[in-house]
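J.: Below: one structure in C-alpha cells.
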Amino acid sequence: MDALRAPPIVGCPCPTPTIDNSPPSLASLSRIGCKFPRLESSSVRSRWSSARIHAVAKVKEIEGSILAADGLRFAVVAARFNDIITKPLVAGALEAFHRYSVKEEHIEVFWVPGSFEVPIVAQTLGKSGKFDAVVCIGAIVRGATSHYDAVANSAASGVMSASLNSGVPCVFGILTCDSMDQAFDRAGGKVGNKGGEAAITAIEMASLLKHHVHKKLVRSA
C-alpha cells in the first residue's frame, strides 16, 4: 500500500514527508538549498503531523468490554495462606462479577495451600476449555528471610506462564506487600479491593478474546 503523503509545498525543494518516515530536519533543509528553512521546515512538519493524524484516525481500535460478560465463565484460584487477606479478596472478586452480571453458575472458586501453588492450577483450568479467564488470588507478605522474594517472583512468573501456555487470561491478583497493614489496605481497606479489580480485568480480557480476537482468527482461517 502506498504511503500516505502530505500535500506538497509549492516552491520548496524539500522532500514530501510520508507517515512511514520522519519529516526533514533543519540540517537537511539547508543542504538541499531551501530558501526559507525556518518557515518551510515548520510548514513541512505541520503538514506531516496532519497527515499522520488523518491516518491514525482511520485505524480501528478494539478493546474488551466489562459490559459484555454474558455467557462468559470464570475460575478463581485462591491461596488459603494468609486467608485473613485472601478471603476478602475472593469476596471482592465475586462481588465484582455479580455487579457486572456474571451468573453465579458461571463462576467456580478453587482453593490451594499457598500462592506458590496458584499457577499450576490456573494453567490446568485454562487448558480445560471450561473457562474464559482465571483470577489468581493470594497474599504474600514480606518476612525476615528471602522466602518472600522467592515466592513472589515464582508466583508472578508462574501466573504469566499459565496465561501464555493455556491461551486463557490468568489475571494476577496476588498481593505482594511489605506488611500486613498494606495487605489489609488492599483487601477492602483504604486502597480498595484488588480482588475486585482483578475480576474486572478478567471480564475485559475474556470479552476481548472471545468476542473479537478469536472471531477474527476464525474468519481469517
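Quick note on naming: the chains in the C-alpha cells go A, B, ... in the order shown, residues restart at 1 in each chain, and ligands are numbered from 1 in order of appearance.
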If we count only C-alpha atoms and set the cut-off at 8 Å, which residues sit around segment 114-116 of chain A, ignoring sequence neighbours fewer than 2 positions away in its own chain? Please answer as a PyMOL selection string.
T.: chain A and resi 78-81+112+118-119+137-140+151-152+154-155+174
J.: Would you list, as a PDB file with N, CA and C atoms, in the first residue's frame, the residues of segment 47-164 of chain A that end up in alpha helix (DSSP H) under DSSP run on this structure's backbone?
T.:
```pdb
ATOM      1  N   ARG A  47       2.372  19.862   8.158  1.00  0.00           N
ATOM      2  CA  ARG A  47       1.642  19.053   7.190  1.00  0.00           C
ATOM      3  C   ARG A  47       1.885  17.562   7.425  1.00  0.00           C
ATOM      4  N   TRP A  48       3.119  17.223   7.789  1.00  0.00           N
ATOM      5  CA  TRP A  48       3.434  15.823   8.079  1.00  0.00           C
ATOM      6  C   TRP A  48       2.615  15.329   9.262  1.00  0.00           C
ATOM      7  N   SER A  49       2.504  16.163  10.342  1.00  0.00           N
ATOM      8  CA  SER A  49       1.722  15.787  11.520  1.00  0.00           C
ATOM      9  C   SER A  49       0.260  15.625  11.163  1.00  0.00           C
ATOM     10  N   SER A  50      -0.262  16.526  10.315  1.00  0.00           N
ATOM     11  CA  SER A  50      -1.658  16.424   9.903  1.00  0.00           C
ATOM     12  C   SER A  50      -1.907  15.136   9.137  1.00  0.00           C
ATOM     13  N   ALA A  51      -0.948  14.744   8.309  1.00  0.00           N
ATOM     14  CA  ALA A  51      -1.099  13.503   7.548  1.00  0.00           C
ATOM     15  C   ALA A  51      -1.145  12.299   8.476  1.00  0.00           C
ATOM     16  N   ARG A  52      -0.308  12.305   9.500  1.00  0.00           N
ATOM     17  CA  ARG A  52      -0.296  11.189  10.444  1.00  0.00           C
ATOM     18  C   ARG A  52      -1.585  11.125  11.242  1.00  0.00           C
ATOM     19  N   ILE A  53      -2.067  12.284  11.693  1.00  0.00           N
ATOM     20  CA  ILE A  53      -3.312  12.314  12.455  1.00  0.00           C
ATOM     21  C   ILE A  53      -4.452  11.775  11.608  1.00  0.00           C
ATOM     22  N   HIS A  54      -4.475  12.160  10.327  1.00  0.00           N
ATOM     23  CA  HIS A  54      -5.528  11.688   9.415  1.00  0.00           C
ATOM     24  C   HIS A  54      -5.463  10.175   9.269  1.00  0.00           C
ATOM     25  N   ALA A  55      -4.226   9.635   9.186  1.00  0.00           N
ATOM     26  CA  ALA A  55      -4.078   8.190   9.030  1.00  0.00           C
ATOM     27  C   ALA A  55      -4.488   7.453  10.296  1.00  0.00           C
ATOM     28  N   VAL A  56      -4.050   7.966  11.465  1.00  0.00           N
ATOM     29  CA  VAL A  56      -4.366   7.315  12.728  1.00  0.00           C
ATOM     30  C   VAL A  56      -5.861   7.329  12.988  1.00  0.00           C
ATOM     31  N   ALA A  57      -6.544   8.387  12.546  1.00  0.00           N
ATOM     32  CA  ALA A  57      -7.986   8.487  12.761  1.00  0.00           C
ATOM     33  C   ALA A  57      -8.741   7.360  12.079  1.00  0.00           C
ATOM     34  N   ASP A  83      -5.289 -16.348  54.807  1.00  0.00           N
ATOM     35  CA  ASP A  83      -6.684 -16.256  54.366  1.00  0.00           C
ATOM     36  C   ASP A  83      -7.435 -15.093  55.006  1.00  0.00           C
ATOM     37  N   ILE A  84      -6.867 -14.499  56.050  1.00  0.00           N
ATOM     38  CA  ILE A  84      -7.482 -13.295  56.596  1.00  0.00           C
ATOM     39  C   ILE A  84      -7.446 -12.163  55.557  1.00  0.00           C
ATOM     40  N   ILE A  85      -6.552 -12.314  54.582  1.00  0.00           N
ATOM     41  CA  ILE A  85      -6.455 -11.367  53.471  1.00  0.00           C
ATOM     42  C   ILE A  85      -7.132 -11.931  52.221  1.00  0.00           C
ATOM     43  N   THR A  86      -6.878 -13.200  51.925  1.00  0.00           N
ATOM     44  CA  THR A  86      -7.364 -13.743  50.654  1.00  0.00           C
ATOM     45  C   THR A  86      -8.878 -13.936  50.624  1.00  0.00           C
ATOM     46  N   LYS A  87      -9.498 -14.211  51.774  1.00  0.00           N
ATOM     47  CA  LYS A  87     -10.956 -14.351  51.771  1.00  0.00           C
ATOM     48  C   LYS A  87     -11.654 -13.052  51.385  1.00  0.00           C
ATOM     49  N   PRO A  88     -11.254 -11.890  51.940  1.00  0.00           N
ATOM     50  CA  PRO A  88     -11.851 -10.635  51.469  1.00  0.00           C
ATOM     51  C   PRO A  88     -11.556 -10.358  49.996  1.00  0.00           C
ATOM     52  N   LEU A  89     -10.390 -10.786  49.515  1.00  0.00           N
ATOM     53  CA  LEU A  89     -10.076 -10.601  48.100  1.00  0.00           C
ATOM     54  C   LEU A  89     -11.012 -11.425  47.221  1.00  0.00           C
ATOM     55  N   VAL A  90     -11.255 -12.664  47.616  1.00  0.00           N
ATOM     56  CA  VAL A  90     -12.193 -13.510  46.866  1.00  0.00           C
ATOM     57  C   VAL A  90     -13.594 -12.909  46.912  1.00  0.00           C
ATOM     58  N   ALA A  91     -13.995 -12.433  48.100  1.00  0.00           N
ATOM     59  CA  ALA A  91     -15.310 -11.801  48.224  1.00  0.00           C
ATOM     60  C   ALA A  91     -15.415 -10.595  47.299  1.00  0.00           C
ATOM     61  N   GLY A  92     -14.343  -9.827  47.195  1.00  0.00           N
ATOM     62  CA  GLY A  92     -14.330  -8.669  46.297  1.00  0.00           C
ATOM     63  C   GLY A  92     -14.459  -9.077  44.847  1.00  0.00           C
ATOM     64  N   ALA A  93     -13.788 -10.181  44.474  1.00  0.00           N
ATOM     65  CA  ALA A  93     -13.889 -10.677  43.096  1.00  0.00           C
ATOM     66  C   ALA A  93     -15.305 -11.134  42.785  1.00  0.00           C
ATOM     67  N   LEU A  94     -15.912 -11.879  43.706  1.00  0.00           N
ATOM     68  CA  LEU A  94     -17.276 -12.367  43.485  1.00  0.00           C
ATOM     69  C   LEU A  94     -18.272 -11.216  43.409  1.00  0.00           C
ATOM     70  N   GLU A  95     -18.066 -10.203  44.241  1.00  0.00           N
ATOM     71  CA  GLU A  95     -18.958  -9.042  44.206  1.00  0.00           C
ATOM     72  C   GLU A  95     -18.843  -8.315  42.868  1.00  0.00           C
ATOM     73  N   ALA A  96     -17.619  -8.204  42.348  1.00  0.00           N
ATOM     74  CA  ALA A  96     -17.421  -7.542  41.055  1.00  0.00           C
ATOM     75  C   ALA A  96     -18.070  -8.342  39.934  1.00  0.00           C
ATOM     76  N   PHE A  97     -17.936  -9.664  39.968  1.00  0.00           N
ATOM     77  CA  PHE A  97     -18.593 -10.496  38.955  1.00  0.00           C
ATOM     78  C   PHE A  97     -20.102 -10.292  38.997  1.00  0.00           C
ATOM     79  N   HIS A  98     -20.654 -10.281  40.196  1.00  0.00           N
ATOM     80  CA  HIS A  98     -22.098 -10.085  40.345  1.00  0.00           C
ATOM     81  C   HIS A  98     -22.518  -8.708  39.823  1.00  0.00           C
ATOM     82  N   ARG A  99     -21.701  -7.695  40.123  1.00  0.00           N
ATOM     83  CA  ARG A  99     -22.033  -6.328  39.709  1.00  0.00           C
ATOM     84  C   ARG A  99     -22.077  -6.199  38.195  1.00  0.00           C
ATOM     85  N   VAL A 118      -0.691 -21.570  43.152  1.00  0.00           N
ATOM     86  CA  VAL A 118      -1.746 -20.998  42.304  1.00  0.00           C
ATOM     87  C   VAL A 118      -1.502 -21.234  40.808  1.00  0.00           C
ATOM     88  N   PRO A 119      -0.297 -20.991  40.272  1.00  0.00           N
ATOM     89  CA  PRO A 119      -0.110 -21.063  38.814  1.00  0.00           C
ATOM     90  C   PRO A 119      -0.426 -22.410  38.187  1.00  0.00           C
ATOM     91  N   ILE A 120      -0.045 -23.528  38.821  1.00  0.00           N
ATOM     92  CA  ILE A 120      -0.276 -24.834  38.205  1.00  0.00           C
ATOM     93  C   ILE A 120      -1.768 -25.121  38.064  1.00  0.00           C
ATOM     94  N   VAL A 121      -2.554 -24.731  39.075  1.00  0.00           N
ATOM     95  CA  VAL A 121      -3.998 -24.931  38.990  1.00  0.00           C
ATOM     96  C   VAL A 121      -4.600 -23.988  37.952  1.00  0.00           C
ATOM     97  N   ALA A 122      -4.110 -22.751  37.926  1.00  0.00           N
ATOM     98  CA  ALA A 122      -4.603 -21.787  36.945  1.00  0.00           C
ATOM     99  C   ALA A 122      -4.348 -22.266  35.525  1.00  0.00           C
ATOM    100  N   GLN A 123      -3.164 -22.806  35.272  1.00  0.00           N
ATOM    101  CA  GLN A 123      -2.835 -23.300  33.932  1.00  0.00           C
ATOM    102  C   GLN A 123      -3.711 -24.488  33.561  1.00  0.00           C
ATOM    103  N   THR A 124      -3.916 -25.406  34.498  1.00  0.00           N
ATOM    104  CA  THR A 124      -4.742 -26.585  34.229  1.00  0.00           C
ATOM    105  C   THR A 124      -6.178 -26.182  33.915  1.00  0.00           C
ATOM    106  N   LEU A 125      -6.707 -25.231  34.678  1.00  0.00           N
ATOM    107  CA  LEU A 125      -8.067 -24.763  34.427  1.00  0.00           C
ATOM    108  C   LEU A 125      -8.155 -24.034  33.089  1.00  0.00           C
ATOM    109  N   GLY A 126      -7.138 -23.257  32.770  1.00  0.00           N
ATOM    110  CA  GLY A 126      -7.129 -22.550  31.498  1.00  0.00           C
ATOM    111  C   GLY A 126      -7.130 -23.504  30.319  1.00  0.00           C
ATOM    112  N   LYS A 127      -6.371 -24.588  30.436  1.00  0.00           N
ATOM    113  CA  LYS A 127      -6.296 -25.561  29.352  1.00  0.00           C
ATOM    114  C   LYS A 127      -7.532 -26.454  29.257  1.00  0.00           C
ATOM    115  N   HIS A 147      12.566 -15.739  51.723  1.00  0.00           N
ATOM    116  CA  HIS A 147      11.466 -16.593  51.264  1.00  0.00           C
ATOM    117  C   HIS A 147      10.434 -15.767  50.490  1.00  0.00           C
ATOM    118  N   TYR A 148      10.188 -14.548  50.943  1.00  0.00           N
ATOM    119  CA  TYR A 148       9.220 -13.661  50.290  1.00  0.00           C
ATOM    120  C   TYR A 148       9.571 -13.462  48.815  1.00  0.00           C
ATOM    121  N   ASP A 149      10.835 -13.149  48.541  1.00  0.00           N
ATOM    122  CA  ASP A 149      11.258 -12.873  47.168  1.00  0.00           C
ATOM    123  C   ASP A 149      11.099 -14.098  46.281  1.00  0.00           C
ATOM    124  N   ALA A 150      11.443 -15.265  46.811  1.00  0.00           N
ATOM    125  CA  ALA A 150      11.334 -16.497  46.023  1.00  0.00           C
ATOM    126  C   ALA A 150       9.882 -16.789  45.663  1.00  0.00           C
ATOM    127  N   VAL A 151       8.997 -16.677  46.650  1.00  0.00           N
ATOM    128  CA  VAL A 151       7.584 -16.991  46.394  1.00  0.00           C
ATOM    129  C   VAL A 151       6.943 -15.936  45.495  1.00  0.00           C
ATOM    130  N   ALA A 152       7.221 -14.666  45.759  1.00  0.00           N
ATOM    131  CA  ALA A 152       6.617 -13.593  44.960  1.00  0.00           C
ATOM    132  C   ALA A 152       7.050 -13.682  43.505  1.00  0.00           C
ATOM    133  N   ASN A 153       8.335 -13.875  43.260  1.00  0.00           N
ATOM    134  CA  ASN A 153       8.827 -13.973  41.884  1.00  0.00           C
ATOM    135  C   ASN A 153       8.283 -15.210  41.179  1.00  0.00           C
ATOM    136  N   SER A 154       8.239 -16.328  41.899  1.00  0.00           N
ATOM    137  CA  SER A 154       7.729 -17.565  41.297  1.00  0.00           C
ATOM    138  C   SER A 154       6.243 -17.454  40.987  1.00  0.00           C
ATOM    139  N   ALA A 155       5.489 -16.841  41.886  1.00  0.00           N
ATOM    140  CA  ALA A 155       4.051 -16.689  41.658  1.00  0.00           C
ATOM    141  C   ALA A 155       3.782 -15.798  40.454  1.00  0.00           C
ATOM    142  N   ALA A 156       4.504 -14.687  40.355  1.00  0.00           N
ATOM    143  CA  ALA A 156       4.288 -13.754  39.253  1.00  0.00           C
ATOM    144  C   ALA A 156       4.633 -14.387  37.906  1.00  0.00           C
ATOM    145  N   SER A 157       5.814 -14.999  37.827  1.00  0.00           N
ATOM    146  CA  SER A 157       6.216 -15.623  36.560  1.00  0.00           C
ATOM    147  C   SER A 157       5.359 -16.836  36.257  1.00  0.00           C
ATOM    148  N   GLY A 158       4.910 -17.546  37.306  1.00  0.00           N
ATOM    149  CA  GLY A 158       4.069 -18.721  37.104  1.00  0.00           C
ATOM    150  C   GLY A 158       2.708 -18.360  36.543  1.00  0.00           C
ATOM    151  N   VAL A 159       2.100 -17.291  37.043  1.00  0.00           N
ATOM    152  CA  VAL A 159       0.799 -16.859  36.533  1.00  0.00           C
ATOM    153  C   VAL A 159       0.926 -16.400  35.084  1.00  0.00           C
ATOM    154  N   MET A 160       1.992 -15.690  34.767  1.00  0.00           N
ATOM    155  CA  MET A 160       2.216 -15.267  33.386  1.00  0.00           C
ATOM    156  C   MET A 160       2.381 -16.482  32.470  1.00  0.00           C
ATOM    157  N   SER A 161       3.162 -17.457  32.900  1.00  0.00           N
ATOM    158  CA  SER A 161       3.350 -18.664  32.103  1.00  0.00           C
ATOM    159  C   SER A 161       2.040 -19.426  31.926  1.00  0.00           C
ATOM    160  N   ALA A 162       1.232 -19.487  32.988  1.00  0.00           N
ATOM    161  CA  ALA A 162      -0.055 -20.168  32.902  1.00  0.00           C
ATOM    162  C   ALA A 162      -0.941 -19.530  31.849  1.00  0.00           C
ATOM    163  N   SER A 163      -0.916 -18.223  31.801  1.00  0.00           N
ATOM    164  CA  SER A 163      -1.709 -17.489  30.819  1.00  0.00           C
ATOM    165  C   SER A 163      -1.223 -17.765  29.405  1.00  0.00           C
ATOM    166  N   LEU A 164       0.076 -17.692  29.198  1.00  0.00           N
ATOM    167  CA  LEU A 164       0.638 -17.909  27.867  1.00  0.00           C
ATOM    168  C   LEU A 164       0.484 -19.356  27.412  1.00  0.00           C
TER     169      LEU A 164
END
```
J.: Between A:Ala75, A:Ile62, A:Val134, A:Leu209, which one has atoms that come closest to Ile107 of chain A, using only C-alpha atoms?
T.: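 Result for the nearest residue to Ile107 of chain A: A:Ala75.
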J.: Just list as a ChimeraX atom specification whatever in segment 24-189 of chain A DSSP marks as strand (DSSP E or B).
T.: /A:74-79,107-112,133-141,170-177,187-189
J.: Enter the distance from atom CA of Val168 of chain A to atom CA of Gly188 of chain A, in Å, rounded to one decimal.
T.: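 Spanning atom CA of Val168 of chain A to atom CA of Gly188 of chain A is a straight-line distance of 27.0 Å.
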J.: Can you work out the spacing between atom CA of Ser65 of chain A and atom CA of Asp185 of chain A in Å, to one decimal?
T.: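 Atom-to-atom, atom CA of Ser65 of chain A and atom CA of Asp185 of chain A are spaced 27.5 Å apart.
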J.: Quick one: of A:Thr201, A:Ser179, A:Trp111, A:Gly167, who's nearest to Val213 of chain A, counting only C-alpha atoms?
T.: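 Among A:Thr201, A:Ser179, A:Trp111, A:Gly167, it is A:Gly167 that comes nearest to Val213 of chain A.
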J.: Hey, which of A:Ile203, A:Cys170, A:Ala69, A:Val76 ends up closest to Lys103 of chain A? Count only C-alpha atoms.
T.: A:Ala69
J.: Using only C-alpha atoms, which residues sit within 7 Å of Ala206 of chain A once same-chain residues fewer than 3 positions away are excluded, as a PDB file with N, CA and C atoms, in the first residue's frame?
T.:
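Below is the file that was written, out_39.pdb:
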```
ATOM      1  N   ASP A 132     -13.229 -18.851  30.466  1.00  0.00           N
ATOM      2  CA  ASP A 132     -12.758 -17.788  29.579  1.00  0.00           C
ATOM      3  C   ASP A 132     -11.663 -16.950  30.228  1.00  0.00           C
ATOM      4  N   ALA A 133     -11.531 -17.018  31.535  1.00  0.00           N
ATOM      5  CA  ALA A 133     -10.458 -16.321  32.247  1.00  0.00           C
ATOM      6  C   ALA A 133     -10.334 -16.907  33.651  1.00  0.00           C
ATOM      7  N   PRO A 169      -6.635 -15.858  29.639  1.00  0.00           N
ATOM      8  CA  PRO A 169      -6.124 -14.849  30.562  1.00  0.00           C
ATOM      9  C   PRO A 169      -6.115 -15.344  32.003  1.00  0.00           C
ATOM     10  N   ALA A 202     -10.380  -9.513  34.386  1.00  0.00           N
ATOM     11  CA  ALA A 202     -10.690 -10.808  33.777  1.00  0.00           C
ATOM     12  C   ALA A 202     -11.864 -10.695  32.818  1.00  0.00           C
ATOM     13  N   ILE A 203     -12.893  -9.947  33.210  1.00  0.00           N
ATOM     14  CA  ILE A 203     -14.062  -9.772  32.333  1.00  0.00           C
ATOM     15  C   ILE A 203     -13.649  -9.081  31.032  1.00  0.00           C
ATOM     16  N   LEU A 209     -10.954 -11.360  23.997  1.00  0.00           N
ATOM     17  CA  LEU A 209     -10.529 -12.561  23.291  1.00  0.00           C
ATOM     18  C   LEU A 209     -11.702 -13.295  22.642  1.00  0.00           C
ATOM     19  N   LYS A 210     -12.792 -13.473  23.386  1.00  0.00           N
ATOM     20  CA  LYS A 210     -13.906 -14.268  22.866  1.00  0.00           C
ATOM     21  C   LYS A 210     -14.700 -13.544  21.796  1.00  0.00           C
TER      22      LYS A 210
END
```
J.: So how many Å separate atom CA of Ser207 of chain A and atom CA of Asn193 of chain A, to one decimal?
T.: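 Between atom CA of Ser207 of chain A and atom CA of Asn193 of chain A the gap is 21.8 Å.
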J.: Kindly indicate which residue among A:Lys60, A:Gly192, A:Thr176, A:Ile200 lies nearest to Asn82 of chain A, using only C-alpha atoms for the distances.
T.: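 Among the listed residues, the smallest separation from Asn82 of chain A belongs to A:Thr176.
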J.: Which residues are near Cys136 of chain A? Cut-off 6 Å, only C-alpha atoms, ignore same chain within fewer than 5 positions. Put them as an mmCIF file with C-alpha atoms, in the first residue's frame.
T.:
```
data_model
loop_
_atom_site.group_PDB
_atom_site.id
_atom_site.type_symbol
_atom_site.label_atom_id
_atom_site.label_comp_id
_atom_site.auth_asym_id
_atom_site.auth_seq_id
_atom_site.Cartn_x
_atom_site.Cartn_y
_atom_site.Cartn_z
ATOM 1 C CA VAL A 77 -7.838 -19.770 42.194
ATOM 2 C CA VAL A 171 -5.103 -12.383 35.933
ATOM 3 C CA PHE A 172 -2.550 -11.603 38.655
ATOM 4 C CA GLY A 173 -4.490 -10.740 41.795
#
```
